[in-house]
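Text of start05.cif, listed as mmCIF, C-alpha atoms and all ligand atoms; chains and numbers go by the auth columns:
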```
data_work
loop_
_atom_site.group_PDB
_atom_site.id
_atom_site.type_symbol
_atom_site.label_atom_id
_atom_site.label_comp_id
_atom_site.label_asym_id
_atom_site.label_seq_id
_atom_site.Cartn_x
_atom_site.Cartn_y
_atom_site.Cartn_z
_atom_site.B_iso_or_equiv
_atom_site.auth_seq_id
_atom_site.auth_asym_id
ATOM 1 C CA MET A 1 -126.092 29.175 -236.125 0.00 1 A
ATOM 2 C CA SER A 2 -123.431 27.202 -238.060 0.00 2 A
ATOM 3 C CA SER A 3 -124.644 23.884 -236.582 0.00 3 A
ATOM 4 C CA GLN A 4 -128.232 24.393 -237.798 0.00 4 A
ATOM 5 C CA ILE A 5 -129.506 21.995 -240.453 0.00 5 A
ATOM 6 C CA VAL A 6 -130.285 22.992 -244.054 0.00 6 A
ATOM 7 C CA PRO A 7 -134.020 22.326 -244.568 0.00 7 A
ATOM 8 C CA PHE A 8 -134.102 22.077 -248.379 0.00 8 A
ATOM 9 C CA GLY A 9 -132.266 21.485 -251.636 0.00 9 A
ATOM 10 C CA LYS A 10 -128.977 19.928 -252.582 0.00 10 A
ATOM 11 C CA TYR A 11 -127.532 20.146 -249.043 0.00 11 A
ATOM 12 C CA GLN A 12 -130.698 19.203 -247.159 0.00 12 A
ATOM 13 C CA GLY A 13 -129.840 17.573 -243.822 0.00 13 A
ATOM 14 C CA LYS A 14 -126.292 19.004 -243.736 0.00 14 A
ATOM 15 C CA LYS A 15 -125.130 21.509 -241.143 0.00 15 A
ATOM 16 C CA PHE A 16 -124.839 25.101 -242.361 0.00 16 A
ATOM 17 C CA VAL A 17 -121.087 24.950 -241.791 0.00 17 A
ATOM 18 C CA GLU A 18 -120.811 21.988 -244.200 0.00 18 A
ATOM 19 C CA VAL A 19 -122.309 23.884 -247.146 0.00 19 A
ATOM 20 C CA PRO A 20 -119.658 25.039 -249.651 0.00 20 A
ATOM 21 C CA ILE A 21 -119.283 28.797 -250.152 0.00 21 A
ATOM 22 C CA SER A 22 -120.059 28.477 -253.879 0.00 22 A
ATOM 23 C CA TYR A 23 -123.525 27.181 -252.989 0.00 23 A
ATOM 24 C CA LEU A 24 -124.022 29.973 -250.432 0.00 24 A
ATOM 25 C CA ARG A 25 -123.163 32.525 -253.129 0.00 25 A
ATOM 26 C CA TRP A 26 -125.671 30.969 -255.509 0.00 26 A
ATOM 27 C CA PHE A 27 -128.301 30.755 -252.773 0.00 27 A
ATOM 28 C CA ARG A 28 -127.981 34.440 -251.830 0.00 28 A
ATOM 29 C CA ASP A 29 -128.712 35.491 -255.425 0.00 29 A
ATOM 30 C CA GLN A 30 -132.038 33.640 -255.567 0.00 30 A
ATOM 31 C CA ASP A 31 -135.276 35.637 -255.435 0.00 31 A
ATOM 32 C CA TRP A 32 -136.613 33.406 -252.669 0.00 32 A
ATOM 33 C CA ALA A 33 -133.436 33.287 -250.541 0.00 33 A
ATOM 34 C CA GLU A 34 -134.749 35.586 -247.809 0.00 34 A
ATOM 35 C CA LYS A 35 -137.586 33.183 -247.089 0.00 35 A
ATOM 36 C CA TRP A 36 -135.012 30.895 -245.419 0.00 36 A
ATOM 37 C CA LYS A 37 -134.057 33.568 -242.919 0.00 37 A
ATOM 38 C CA ASP A 38 -131.581 31.596 -240.759 0.00 38 A
ATOM 39 C CA LEU A 39 -129.601 30.299 -243.709 0.00 39 A
ATOM 40 C CA TYR A 40 -129.798 33.728 -245.362 0.00 40 A
ATOM 41 C CA ASP A 41 -128.391 35.484 -242.272 0.00 41 A
ATOM 42 C CA TYR A 42 -125.694 32.835 -241.944 0.00 42 A
ATOM 43 C CA THR A 43 -124.817 33.272 -245.635 0.00 43 A
ATOM 44 C CA GLU A 44 -124.551 37.054 -245.289 0.00 44 A
ATOM 45 C CA ASP A 45 -122.195 36.616 -242.320 0.00 45 A
ATOM 46 C CA VAL A 46 -119.993 34.115 -244.148 0.00 46 A
ATOM 47 C CA LEU A 47 -119.781 36.181 -247.350 0.00 47 A
ATOM 48 C CA ARG A 48 -119.142 39.405 -245.438 0.00 48 A
ATOM 49 C CA ALA A 49 -116.303 37.732 -243.517 0.00 49 A
ATOM 50 C CA GLU A 50 -114.875 36.454 -246.807 0.00 50 A
ATOM 51 C CA THR A 51 -114.919 39.953 -248.333 0.00 51 A
ATOM 52 C CA GLU A 52 -113.185 41.365 -245.271 0.00 52 A
ATOM 53 C CA ARG A 53 -110.562 38.635 -245.446 0.00 53 A
ATOM 54 C CA LYS A 54 -109.891 39.464 -249.100 0.00 54 A
ATOM 55 C CA LEU A 55 -109.624 43.185 -248.365 0.00 55 A
ATOM 56 C CA LYS A 56 -107.158 42.470 -245.549 0.00 56 A
ATOM 57 C CA ALA A 57 -105.075 40.327 -247.899 0.00 57 A
ATOM 58 C CA PHE A 58 -105.079 43.207 -250.392 0.00 58 A
ATOM 59 C CA GLN A 59 -103.929 45.651 -247.712 0.00 59 A
ATOM 60 C CA ASN A 60 -101.251 43.329 -246.378 0.00 60 A
ATOM 61 C CA ALA A 61 -99.900 42.905 -249.892 0.00 61 A
ATOM 62 C CA GLY A 62 -99.651 46.715 -250.112 0.00 62 A
ATOM 63 C CA ILE A 63 -102.168 46.797 -252.961 0.00 63 A
ATOM 64 C CA TRP A 64 -104.345 49.861 -253.373 0.00 64 A
ATOM 65 C CA MET A 65 -107.946 49.446 -252.238 0.00 65 A
ATOM 66 C CA MET A 66 -109.164 51.825 -254.920 0.00 66 A
ATOM 67 C CA SER A 67 -108.944 51.233 -258.668 0.00 67 A
ATOM 68 C CA PRO A 68 -106.035 52.654 -260.716 0.00 68 A
ATOM 69 C CA ALA A 69 -108.470 55.179 -262.214 0.00 69 A
ATOM 70 C CA HIS A 70 -109.385 56.414 -258.721 0.00 70 A
ATOM 71 C CA GLN A 71 -105.696 56.698 -257.817 0.00 71 A
ATOM 72 C CA LYS A 72 -104.954 58.746 -260.902 0.00 72 A
ATOM 73 C CA LEU A 73 -107.800 61.120 -260.152 0.00 73 A
ATOM 74 C CA LEU A 74 -106.753 61.472 -256.526 0.00 74 A
ATOM 75 C CA TRP A 75 -103.154 62.377 -257.372 0.00 75 A
ATOM 76 C CA SER A 76 -104.254 64.902 -259.964 0.00 76 A
ATOM 77 C CA LEU A 77 -106.619 66.472 -257.412 0.00 77 A
ATOM 78 C CA TRP A 78 -103.755 66.592 -254.951 0.00 78 A
ATOM 79 C CA ARG A 79 -101.551 68.379 -257.508 0.00 79 A
ATOM 80 C CA ASN A 80 -104.335 70.950 -258.056 0.00 80 A
ATOM 81 C CA ALA A 81 -104.679 71.438 -254.296 0.00 81 A
ATOM 82 C CA CYS A 82 -100.902 71.919 -253.958 0.00 82 A
ATOM 83 C CA ASP A 83 -100.908 74.483 -256.764 0.00 83 A
ATOM 84 C CA ALA A 84 -103.738 76.465 -255.167 0.00 84 A
ATOM 85 C CA GLN A 85 -102.209 76.306 -251.674 0.00 85 A
ATOM 86 C CA MET A 86 -98.639 77.077 -252.889 0.00 86 A
ATOM 87 C CA TRP A 87 -97.395 73.762 -251.507 0.00 87 A
ATOM 88 C CA ARG A 88 -94.688 73.682 -254.136 0.00 88 A
ATOM 89 C CA SER A 89 -91.009 74.304 -254.412 0.00 89 A
ATOM 90 C CA PRO A 90 -89.448 76.732 -253.774 0.00 90 A
ATOM 91 C CA ALA A 91 -92.031 77.688 -251.104 0.00 91 A
ATOM 92 C CA CYS A 92 -92.122 74.126 -249.709 0.00 92 A
ATOM 93 C CA THR A 93 -89.620 71.288 -249.567 0.00 93 A
ATOM 94 C CA LEU A 94 -90.766 67.815 -250.642 0.00 94 A
ATOM 95 C CA GLU A 95 -90.886 66.791 -246.990 0.00 95 A
ATOM 96 C CA GLU A 96 -93.140 69.726 -246.142 0.00 96 A
ATOM 97 C CA VAL A 97 -95.457 68.841 -249.028 0.00 97 A
ATOM 98 C CA GLU A 98 -95.673 65.295 -247.657 0.00 98 A
ATOM 99 C CA GLN A 99 -96.462 66.689 -244.194 0.00 99 A
ATOM 100 C CA HIS A 100 -99.297 68.736 -245.684 0.00 100 A
ATOM 101 C CA ARG A 101 -100.657 65.605 -247.375 0.00 101 A
ATOM 102 C CA LYS A 102 -100.578 63.651 -244.104 0.00 102 A
ATOM 103 C CA ARG A 103 -102.200 66.502 -242.184 0.00 103 A
ATOM 104 C CA VAL A 104 -105.023 66.889 -244.729 0.00 104 A
ATOM 105 C CA THR A 105 -105.624 63.112 -244.628 0.00 105 A
ATOM 106 C CA LEU A 106 -105.677 63.186 -240.819 0.00 106 A
ATOM 107 C CA GLU A 107 -108.194 66.058 -240.839 0.00 107 A
ATOM 108 C CA VAL A 108 -110.487 64.229 -243.254 0.00 108 A
ATOM 109 C CA PHE A 109 -110.515 60.838 -241.497 0.00 109 A
ATOM 110 C CA GLY A 110 -109.725 61.784 -237.904 0.00 110 A
ATOM 111 C CA SER A 111 -106.766 59.370 -237.774 0.00 111 A
ATOM 112 C CA PRO A 112 -103.589 58.855 -239.827 0.00 112 A
ATOM 113 C CA ARG A 113 -104.357 56.858 -242.980 0.00 113 A
ATOM 114 C CA SER A 114 -102.349 55.515 -245.881 0.00 114 A
ATOM 115 C CA TRP A 115 -104.030 56.469 -249.152 0.00 115 A
ATOM 116 C CA LYS A 116 -103.635 52.823 -250.143 0.00 116 A
ATOM 117 C CA SER A 117 -106.121 51.828 -247.438 0.00 117 A
ATOM 118 C CA ILE A 118 -108.846 54.248 -248.568 0.00 118 A
ATOM 119 C CA ASN A 119 -111.884 52.634 -250.168 0.00 119 A
ATOM 120 C CA GLN A 120 -113.251 53.957 -253.423 0.00 120 A
ATOM 121 C CA LYS A 121 -116.678 54.692 -252.035 0.00 121 A
ATOM 122 C CA GLU A 122 -117.490 57.192 -249.303 0.00 122 A
ATOM 123 C CA GLU A 123 -113.865 57.493 -248.124 0.00 123 A
ATOM 124 C CA PHE A 124 -112.709 58.421 -251.609 0.00 124 A
ATOM 125 C CA ASP A 125 -115.560 60.930 -251.920 0.00 125 A
ATOM 126 C CA LYS A 126 -114.648 62.536 -248.593 0.00 126 A
ATOM 127 C CA LEU A 127 -111.013 63.007 -249.536 0.00 127 A
ATOM 128 C CA LYS A 128 -111.925 64.149 -253.051 0.00 128 A
ATOM 129 C CA SER A 129 -114.302 66.799 -251.665 0.00 129 A
ATOM 130 C CA ARG A 130 -111.617 68.118 -249.341 0.00 130 A
ATOM 131 C CA LEU A 131 -108.975 68.263 -252.079 0.00 131 A
ATOM 132 C CA GLU A 132 -111.377 70.085 -254.386 0.00 132 A
ATOM 133 C CA LEU A 133 -112.095 72.524 -251.585 0.00 133 A
ATOM 134 C CA LEU A 134 -108.339 73.118 -251.147 0.00 134 A
ATOM 135 C CA ALA A 135 -108.028 73.604 -254.899 0.00 135 A
ATOM 136 C CA GLY A 136 -110.736 76.253 -254.727 0.00 136 A
ATOM 137 C CA LYS A 137 -113.452 74.364 -256.553 0.00 137 A
ATOM 138 C CA VAL A 138 -116.950 75.258 -255.396 0.00 138 A
ATOM 139 C CA GLN A 139 -118.450 71.875 -256.302 0.00 139 A
ATOM 140 C CA GLY A 140 -116.200 70.130 -253.762 0.00 140 A
ATOM 141 C CA GLY A 141 -117.329 72.650 -251.162 0.00 141 A
ATOM 142 C CA ILE A 142 -120.958 71.801 -251.771 0.00 142 A
ATOM 143 C CA GLU A 143 -120.281 68.085 -251.649 0.00 143 A
ATOM 144 C CA ASP A 144 -118.217 68.342 -248.462 0.00 144 A
ATOM 145 C CA GLY A 145 -120.499 66.751 -245.877 0.00 145 A
ATOM 146 C CA HIS A 146 -123.213 65.890 -248.424 0.00 146 A
ATOM 147 C CA ARG A 147 -122.581 62.218 -249.012 0.00 147 A
ATOM 148 C CA GLU A 148 -125.622 61.796 -251.263 0.00 148 A
ATOM 149 C CA TYR A 149 -124.027 63.769 -254.122 0.00 149 A
ATOM 150 C CA GLY A 150 -121.131 61.306 -254.252 0.00 150 A
ATOM 151 C CA ASP A 151 -123.539 58.374 -253.974 0.00 151 A
ATOM 152 C CA GLN A 152 -125.722 59.714 -256.747 0.00 152 A
ATOM 153 C CA ARG A 153 -122.824 60.191 -259.128 0.00 153 A
ATOM 154 C CA ARG A 154 -121.515 56.685 -258.439 0.00 154 A
ATOM 155 C CA LEU A 155 -124.928 55.016 -258.655 0.00 155 A
ATOM 156 C CA LEU A 156 -125.805 56.726 -261.932 0.00 156 A
ATOM 157 C CA TRP A 157 -122.425 55.752 -263.328 0.00 157 A
ATOM 158 C CA LYS A 158 -123.065 52.155 -262.284 0.00 158 A
ATOM 159 C CA PHE A 159 -126.458 52.204 -263.950 0.00 159 A
ATOM 160 C CA HIS A 160 -125.250 53.620 -267.265 0.00 160 A
ATOM 161 C CA GLU A 161 -121.890 51.865 -267.523 0.00 161 A
ATOM 162 C CA VAL A 162 -122.633 48.478 -265.967 0.00 162 A
ATOM 163 C CA GLN A 163 -126.273 47.647 -265.309 0.00 163 A
ATOM 164 C CA TYR A 164 -127.738 48.967 -268.533 0.00 164 A
ATOM 165 C CA LYS A 165 -125.174 47.027 -270.562 0.00 165 A
ATOM 166 C CA CYS A 166 -125.876 43.822 -268.602 0.00 166 A
ATOM 167 C CA VAL A 167 -129.646 44.155 -269.025 0.00 167 A
ATOM 168 C CA ALA A 168 -129.048 44.693 -272.755 0.00 168 A
ATOM 169 C CA LEU A 169 -126.976 41.491 -272.801 0.00 169 A
ATOM 170 C CA TYR A 170 -129.829 39.349 -271.475 0.00 170 A
ATOM 171 C CA MET A 171 -132.981 41.201 -272.558 0.00 171 A
ATOM 172 C CA PRO A 172 -134.052 41.711 -276.176 0.00 172 A
ATOM 173 C CA SER A 173 -135.548 45.132 -275.333 0.00 173 A
ATOM 174 C CA PRO A 174 -133.734 46.559 -272.319 0.00 174 A
ATOM 175 C CA ASP A 175 -135.485 49.938 -272.548 0.00 175 A
ATOM 176 C CA LYS A 176 -138.929 48.359 -272.247 0.00 176 A
ATOM 177 C CA TYR A 177 -137.750 46.164 -269.385 0.00 177 A
ATOM 178 C CA LEU A 178 -136.370 49.140 -267.450 0.00 178 A
ATOM 179 C CA ASP A 179 -139.448 51.276 -268.123 0.00 179 A
ATOM 180 C CA ARG A 180 -141.612 48.517 -266.659 0.00 180 A
ATOM 181 C CA LEU A 181 -139.407 48.114 -263.581 0.00 181 A
ATOM 182 C CA LEU A 182 -139.487 51.853 -262.932 0.00 182 A
ATOM 183 C CA LYS A 183 -143.248 52.071 -263.377 0.00 183 A
ATOM 184 C CA GLU A 184 -144.092 49.030 -261.278 0.00 184 A
ATOM 185 C CA ARG A 185 -141.658 49.431 -258.444 0.00 185 A
ATOM 186 C CA PHE A 186 -140.912 53.136 -258.341 0.00 186 A
ATOM 187 C CA LYS A 187 -144.037 54.717 -259.814 0.00 187 A
ATOM 188 C CA VAL A 188 -141.947 56.651 -262.309 0.00 188 A
ATOM 189 C CA VAL A 189 -144.132 57.277 -265.337 0.00 189 A
ATOM 190 C CA ARG A 190 -141.577 58.593 -267.811 0.00 190 A
ATOM 191 C CA ASP A 191 -139.049 56.318 -269.493 0.00 191 A
ATOM 192 C CA TRP A 192 -135.855 55.002 -267.881 0.00 192 A
ATOM 193 C CA THR A 193 -133.808 57.984 -269.082 0.00 193 A
ATOM 194 C CA CYS A 194 -135.280 59.895 -266.127 0.00 194 A
ATOM 195 C CA ILE A 195 -133.611 57.766 -263.444 0.00 195 A
ATOM 196 C CA GLU A 196 -131.532 60.905 -262.780 0.00 196 A
ATOM 197 C CA ASP A 197 -134.755 62.228 -261.222 0.00 197 A
ATOM 198 C CA LEU A 198 -134.941 59.481 -258.588 0.00 198 A
ATOM 199 C CA ASP A 199 -134.257 60.911 -255.149 0.00 199 A
ATOM 200 C CA ALA A 200 -130.659 60.253 -254.041 0.00 200 A
ATOM 201 C CA ARG A 201 -131.202 61.466 -250.476 0.00 201 A
ATOM 202 C CA PRO A 202 -131.365 58.602 -247.966 0.00 202 A
ATOM 203 C CA THR A 203 -134.637 58.306 -246.055 0.00 203 A
ATOM 204 C CA ILE A 204 -135.598 56.014 -243.181 0.00 204 A
ATOM 205 C CA ARG A 205 -137.630 52.996 -244.317 0.00 205 A
ATOM 206 C CA THR A 206 -139.034 49.908 -242.628 0.00 206 A
ATOM 207 C CA ARG A 207 -138.682 46.296 -243.686 0.00 207 A
ATOM 208 C CA LYS A 208 -141.561 43.826 -243.622 0.00 208 A
ATOM 209 C CA ASP A 209 -140.323 42.591 -240.235 0.00 209 A
ATOM 210 C CA GLY A 210 -140.517 46.139 -238.817 0.00 210 A
ATOM 211 C CA THR A 211 -136.759 46.865 -238.584 0.00 211 A
ATOM 212 C CA ALA A 212 -135.575 50.216 -239.912 0.00 212 A
ATOM 213 C CA TYR A 213 -132.927 51.013 -242.501 0.00 213 A
ATOM 214 C CA GLU A 214 -131.739 53.999 -244.502 0.00 214 A
ATOM 215 C CA ALA A 215 -131.794 54.102 -248.301 0.00 215 A
ATOM 216 C CA SER A 216 -132.617 56.460 -251.166 0.00 216 A
ATOM 217 C CA ASP A 217 -135.026 55.732 -254.038 0.00 217 A
ATOM 218 C CA LEU A 218 -132.069 55.665 -256.386 0.00 218 A
ATOM 219 C CA LEU A 219 -130.188 53.149 -254.239 0.00 219 A
ATOM 220 C CA LEU A 220 -133.251 50.902 -254.019 0.00 220 A
ATOM 221 C CA PHE A 221 -133.654 51.021 -257.786 0.00 221 A
ATOM 222 C CA ILE A 222 -129.998 50.116 -258.366 0.00 222 A
ATOM 223 C CA GLU A 223 -130.176 47.286 -255.807 0.00 223 A
ATOM 224 C CA THR A 224 -133.424 45.932 -257.239 0.00 224 A
ATOM 225 C CA LEU A 225 -131.884 45.975 -260.687 0.00 225 A
ATOM 226 C CA ASP A 226 -128.778 44.229 -259.336 0.00 226 A
ATOM 227 C CA ALA A 227 -130.939 41.407 -257.972 0.00 227 A
ATOM 228 C CA ARG A 228 -132.821 41.100 -261.288 0.00 228 A
ATOM 229 C CA ILE A 229 -129.571 41.041 -263.262 0.00 229 A
ATOM 230 C CA ASN A 230 -128.259 38.294 -260.962 0.00 230 A
ATOM 231 C CA VAL A 231 -131.280 36.163 -261.771 0.00 231 A
ATOM 232 C CA MET A 232 -130.752 36.687 -265.529 0.00 232 A
ATOM 233 C CA ARG A 233 -127.038 35.965 -265.161 0.00 233 A
ATOM 234 C CA ASN A 234 -127.625 32.721 -263.262 0.00 234 A
ATOM 235 C CA ALA A 235 -130.161 31.587 -265.850 0.00 235 A
ATOM 236 C CA ALA A 236 -127.549 32.173 -268.554 0.00 236 A
ATOM 237 C CA GLY A 237 -124.875 30.353 -266.522 0.00 237 A
ATOM 238 C CA ASP A 238 -122.425 33.279 -266.593 0.00 238 A
ATOM 239 C CA THR A 239 -120.033 34.303 -263.816 0.00 239 A
ATOM 240 C CA ILE A 240 -120.035 38.003 -262.936 0.00 240 A
ATOM 241 C CA HIS A 241 -116.749 38.397 -264.787 0.00 241 A
ATOM 242 C CA GLU A 242 -118.095 36.632 -267.907 0.00 242 A
ATOM 243 C CA MET A 243 -121.233 38.771 -267.880 0.00 243 A
ATOM 244 C CA LYS A 244 -119.326 42.041 -267.652 0.00 244 A
ATOM 245 C CA ILE A 245 -116.855 41.112 -270.368 0.00 245 A
ATOM 246 C CA LYS A 246 -119.657 39.981 -272.714 0.00 246 A
ATOM 247 C CA ALA A 247 -121.658 43.127 -271.969 0.00 247 A
ATOM 248 C CA GLY A 248 -118.640 45.366 -272.506 0.00 248 A
ATOM 249 C CA ALA A 249 -118.870 46.719 -268.960 0.00 249 A
ATOM 250 C CA PRO A 250 -115.831 47.370 -266.741 0.00 250 A
ATOM 251 C CA CYS A 251 -115.070 44.488 -264.363 0.00 251 A
ATOM 252 C CA VAL A 252 -113.510 45.040 -260.931 0.00 252 A
ATOM 253 C CA CYS A 253 -112.908 41.401 -259.945 0.00 253 A
ATOM 254 C CA VAL A 254 -109.528 40.583 -258.377 0.00 254 A
ATOM 255 C CA GLU A 255 -108.111 39.275 -261.668 0.00 255 A
ATOM 256 C CA CYS A 256 -109.248 42.297 -263.672 0.00 256 A
ATOM 257 C CA LYS A 257 -108.000 44.663 -260.963 0.00 257 A
ATOM 258 C CA LYS A 258 -104.544 43.128 -261.335 0.00 258 A
ATOM 259 C CA SER A 259 -104.613 43.756 -265.075 0.00 259 A
ATOM 260 C CA ASN A 260 -105.401 47.425 -264.456 0.00 260 A
ATOM 261 C CA THR A 261 -108.975 47.892 -265.597 0.00 261 A
ATOM 262 C CA GLY A 262 -111.475 49.498 -263.309 0.00 262 A
ATOM 263 C CA ASP A 263 -114.254 52.018 -262.962 0.00 263 A
ATOM 264 C CA PRO A 264 -113.308 55.688 -262.895 0.00 264 A
ATOM 265 C CA PHE A 265 -114.574 56.545 -259.413 0.00 265 A
HETATM 266 ZN ZN ZN B . -113.237 40.420 -264.086 0.00 1 B
#
```
For this file, write the structure as structure tokens.
Ligand SMILES: [Zn+2]
Amino acid sequence: MSSQIVPFGKYQGKKFVEVPISYLRWFRDQDWAEKWKDLYDYTEDVLRAETERKLKAFQNAGIWMMSPAHQKLLWSLWRNACDAQMWRSPACTLEEVEQHRKRVTLEVFGSPRSWKSINQKEEFDKLKSRLELLAGKVQGGIEDGHREYGDQRRLLWKFHEVQYKCVALYMPSPDKYLDRLLKERFKVVRDWTCIEDLDARPTIRTRKDGTAYEASDLLLFIETLDARINVMRNAAGDTIHEMKIKAGAPCVCVECKKSNTGDPF
């Protein structure tokens, strides 16, 4: 695929492999990108590989995959679990406590894992549910095995703390804009404050080309809004980092991660 020729635009006539990654990133954010299916698929592959490379570099450097806020929450959940299970001195030595932690981690993931390598999405949710269960919290018990509850919480947080602020940065009346998007695309007739009502359970859907995928209404809404925000951001000439800082939303780019900001999940 990398030796195919770009059929349009600034790099017309060049091989895919000759197109700089900055252009590929820009291209992927365009509304019409999926029309150029070969280049779009190639772009997805290249950007996915780049993300994986970055994550590997993070891991090799011994940097936590999850944000500092996630880490804090995890350790406090672990302390609660230890209290409830009596994994404390004098009943347990420090080494025994550490063995309990490794065993619980092994049970959750099916293989030994360093907590540094755990991502802050479904892996974090899984471990969190188990620790809450150990600490005797019913909520964790309900969530154990019900991934959609974790997804819903994270997606709603993203909407309120990031997306809404970004829409407000670029749109004079964000509420009207969001109402319209919900009505047109999701047939929700009340105002945007009812996005909590969107179904967070994944269902099987089909793309225009007939292939199947799994997504919830809520996820589709958040992704649609992401794409719209990208278009607004590009029109304004902002980077993602610039947009989030201007909007007052938390940024999780590599630079910001280093300086200890991050979302709380
Ligand atoms: Zn940033």
- For the structure provided, state which residues fall under the PyMOL selection byres (((not hetatm)) within 12 of (chain B and resi 1)), and present them as number ranges by chain. A: 238-263
Residues of the last selection are to be written out with C-alpha atoms, as a PDB file, keeping the file's coordinate frame.
```
ATOM      1  CA  ASP A 238    -122.425  33.279-266.593  1.00  0.00           C
ATOM      2  CA  THR A 239    -120.033  34.303-263.816  1.00  0.00           C
ATOM      3  CA  ILE A 240    -120.035  38.003-262.936  1.00  0.00           C
ATOM      4  CA  HIS A 241    -116.749  38.397-264.787  1.00  0.00           C
ATOM      5  CA  GLU A 242    -118.095  36.632-267.907  1.00  0.00           C
ATOM      6  CA  MET A 243    -121.233  38.771-267.880  1.00  0.00           C
ATOM      7  CA  LYS A 244    -119.326  42.041-267.652  1.00  0.00           C
ATOM      8  CA  ILE A 245    -116.855  41.112-270.368  1.00  0.00           C
ATOM      9  CA  LYS A 246    -119.657  39.981-272.714  1.00  0.00           C
ATOM     10  CA  ALA A 247    -121.658  43.127-271.969  1.00  0.00           C
ATOM     11  CA  GLY A 248    -118.640  45.366-272.506  1.00  0.00           C
ATOM     12  CA  ALA A 249    -118.870  46.719-268.960  1.00  0.00           C
ATOM     13  CA  PRO A 250    -115.831  47.370-266.741  1.00  0.00           C
ATOM     14  CA  CYS A 251    -115.070  44.488-264.363  1.00  0.00           C
ATOM     15  CA  VAL A 252    -113.510  45.040-260.931  1.00  0.00           C
ATOM     16  CA  CYS A 253    -112.908  41.401-259.945  1.00  0.00           C
ATOM     17  CA  VAL A 254    -109.528  40.583-258.377  1.00  0.00           C
ATOM     18  CA  GLU A 255    -108.111  39.275-261.668  1.00  0.00           C
ATOM     19  CA  CYS A 256    -109.248  42.297-263.672  1.00  0.00           C
ATOM     20  CA  LYS A 257    -108.000  44.663-260.963  1.00  0.00           C
ATOM     21  CA  LYS A 258    -104.544  43.128-261.335  1.00  0.00           C
ATOM     22  CA  SER A 259    -104.613  43.756-265.075  1.00  0.00           C
ATOM     23  CA  ASN A 260    -105.401  47.425-264.456  1.00  0.00           C
ATOM     24  CA  THR A 261    -108.975  47.892-265.597  1.00  0.00           C
ATOM     25  CA  GLY A 262    -111.475  49.498-263.309  1.00  0.00           C
ATOM     26  CA  ASP A 263    -114.254  52.018-262.962  1.00  0.00           C
TER      27      ASP A 263
END
```
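Residues matched by the PyMOL selection byres (((chain A and resi 164-178) around 8) and not hetatm) in this file are Phe159, His160, Glu161, Val162, Gln163, Asp179, Arg180, Leu181, Leu182, Asp191, Trp192, Ile229, Met232, Arg233, Met243, Lys244, Lys246, Ala247, Gly248 and Ala249 of chain A.
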- Work out how far atom CA of A:Asp199 is from atom CA of A:Ala135, in Å to one decimal. 29.1 Å
- Separation of atom CA of A:Arg53 from atom CA of A:Met1 in Å: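 Taking atom CA of A:Met1 and atom CA of A:Arg53, their separation equals 20.4 Å.
Residue nearest A:Ser67 within the list A:Arg130, A:Lys208, A:Ile195, A:Gln120: A:Gln120 [criterion: smallest interatomic distance, all atoms listed in the file].
Atom pair atom CA of A:Arg79 / atom CA of A:Arg103 has a distance of 15.5 Å (rounded to one decimal).
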- Task: Pull out every residue that the PyMOL selection byres (((chain A and resi 24) around 9) and not hetatm) matches in the shown coordinates and put them as a ChimeraX atom specification.
- Result: /A:19-23,25-29,39-40,43-44,46-47
Where does stretch 28-130 of chain A meet stretch 3-15 of chain A within 10 Å, residue by residue, with the nearest atom pair and distance in Å to one decimal for each, counting only C-alpha atoms, listed by chain and rising number, as a tab-separated table?
```
residue	atom	partner	partner_atom	distance
A:Trp36	CA	A:Pro7	CA	8.7
A:Asp38	CA	A:Gln4	CA	8.5
A:Leu39	CA	A:Val6	CA	7.3
A:Tyr42	CA	A:Gln4	CA	9.7
```
Take the residues that were just selected and, keeping C-alpha atoms, output them as a PDB file, keeping the file's coordinate frame.
```pdb
ATOM      1  CA  TRP A  36    -135.012  30.895-245.419  1.00  0.00           C
ATOM      2  CA  ASP A  38    -131.581  31.596-240.759  1.00  0.00           C
ATOM      3  CA  LEU A  39    -129.601  30.299-243.709  1.00  0.00           C
ATOM      4  CA  TYR A  42    -125.694  32.835-241.944  1.00  0.00           C
TER       5      TYR A  42
END
```
- With all atoms listed in the file as the basis for distance, which of A:Glu132, A:Thr51, A:Phe109, A:Glu122 is at the shortest distance from A:Cys82?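 Smallest distance to A:Cys82 is found for A:Glu132.
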- Using only C-alpha atoms, which residues sit within 7 Å of A:Leu127 once same-chain residues fewer than 4 positions away are excluded, as a list in words? Val108, Glu123 and Leu131 of chain A
- Write out as JSON, numbers by chain each polymer residue whose atoms come within 12 Å of A:Lys102, counting all atoms listed in the file; drop sequence neighbours fewer than 2 positions from it. {"A": [78, 95, 96, 97, 98, 99, 100, 104, 105, 106, 107, 108, 109, 110, 111, 112, 113, 114, 115, 127]}
Please fill the gaps in stretch 200-204 of chain A so it has N, CA and C atoms, and write that as a short mmCIF file (atom, residue, chain, number, x, y, z; two decimals), keeping the file's coordinate frame.
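Output file selection-v8.cif is given in full below:
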```
data_model
loop_
_atom_site.label_atom_id
_atom_site.label_comp_id
_atom_site.auth_asym_id
_atom_site.auth_seq_id
_atom_site.Cartn_x
_atom_site.Cartn_y
_atom_site.Cartn_z
N ALA A 200 -131.90 60.88 -254.51
CA ALA A 200 -130.66 60.25 -254.04
C ALA A 200 -130.43 60.49 -252.56
N ARG A 201 -131.37 61.22 -251.92
CA ARG A 201 -131.20 61.47 -250.48
C ARG A 201 -131.73 60.27 -249.68
N PRO A 202 -130.90 59.75 -248.75
CA PRO A 202 -131.36 58.60 -247.97
C PRO A 202 -132.54 58.98 -247.07
N THR A 203 -133.54 58.10 -247.01
CA THR A 203 -134.64 58.31 -246.06
C THR A 203 -134.78 57.02 -245.24
N ILE A 204 -135.40 57.17 -244.07
CA ILE A 204 -135.60 56.01 -243.18
C ILE A 204 -136.77 55.19 -243.71
#
```
